[in-house]
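Down below is the structure, laid out as structure tokens.
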Amino acid sequence: SSTTWRYNPPNGMPIPTRVSPEIEAPRTSHRLQPGEVFQVDEEKLGVGGVTFLKLAGNRGWLFDTKPGVGVLCVREGGGAAASDALPQWDRPAAPPGAAPAVGAPPVPGAPAPSGAPAAPGSGSSTTW
């Protein structure tokens with residue numbers, strides 16, 4: 001059975017599908033536009049917790065996340081991607097600048113959340 005996904009990239013750019021389930025695989029001539037909804041016939045868990053998505057109609061493969069870029073595709077209807085089944089320690093790291101997960105230990109040198117005490121040695125100024 002197929003699932004429904006939406007291509008929702010952080011950069012707002014179209015993306016060509018791939019000929020195989022690899023981020024660096026050769027591209028096909030088929031492109032998805034930002035916001036486009038598509039059907040997926042197969043999901044394949046790849047290295048680093050990336051879920052590869054085989055588009056219906058033999059239109060190629062995409063991926064739900066790209067390391068260093070972030071989330072590209074989201075499942076419509078609230079279902080979980082294959083990467084969501086991974087234990088927390090096997091999931092891809094949050095992109096730089098993302099807020100830590102709830103309950104995550106503080107990051108050394110990171111500013112304390114508002115209302116929370118600053119970590120020892122973190123100082124009171126922030127450099128951008």
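Identifiers in this document derive from the order of the structure tokens: chains are assigned A, B, ..., residues are numbered from 1 separately in each chain, and ligands are numbered from 1 in order of occurrence.
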
>> Report as an NGL selection string all protein, DNA and RNA residues lying within 12 Å of Asp41 (chain A), evaluated on only C-alpha atoms, omitting residues in the same chain fewer than 6 positions from it.
In response: :A and (1-5 or 52-62)

Would you tabulate, counting only C-alpha atoms, all residues of region 4-45 of chain A that have an atom at most 10 Å from an atom of region 67-73 of chain A, showing the closest pair of atoms and their distance in Å to one decimal, sorted by chain then ascending number, as a tab-separated table?
```
residue	atom	partner	partner_atom	distance
A:Trp5	CA	A:Cys73	CA	6.5
A:Arg6	CA	A:Cys73	CA	5.5
A:Tyr7	CA	A:Cys73	CA	4.4
A:Asn8	CA	A:Leu72	CA	5.4
A:Pro9	CA	A:Leu72	CA	4.4
A:Pro10	CA	A:Leu72	CA	6.9
A:Asn11	CA	A:Val69	CA	8.8
A:Gly12	CA	A:Leu72	CA	9.7
A:Ile15	CA	A:Leu72	CA	9.6
A:Ile23	CA	A:Pro67	CA	9.7
A:Pro34	CA	A:Leu72	CA	9.2
A:Gly35	CA	A:Cys73	CA	9.3
A:Glu36	CA	A:Cys73	CA	9.7
A:Val37	CA	A:Cys73	CA	9.4
A:Phe38	CA	A:Cys73	CA	9.9
```

> Quick one, how far is CA of Gly49 (chain A) from CA of Thr65 (chain A)?
Replying inline: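 Result for CA of Gly49 (chain A) versus CA of Thr65 (chain A): 8.5 Å, one decimal.
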
>> So, with only C-alpha atoms as the atoms that count, which of A:Val50, A:Thr17, A:Gly77, A:Phe63 lies closest to Leu32 (chain A)?
In response: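 Closest residue, counting only C-alpha atoms: A:Thr17.
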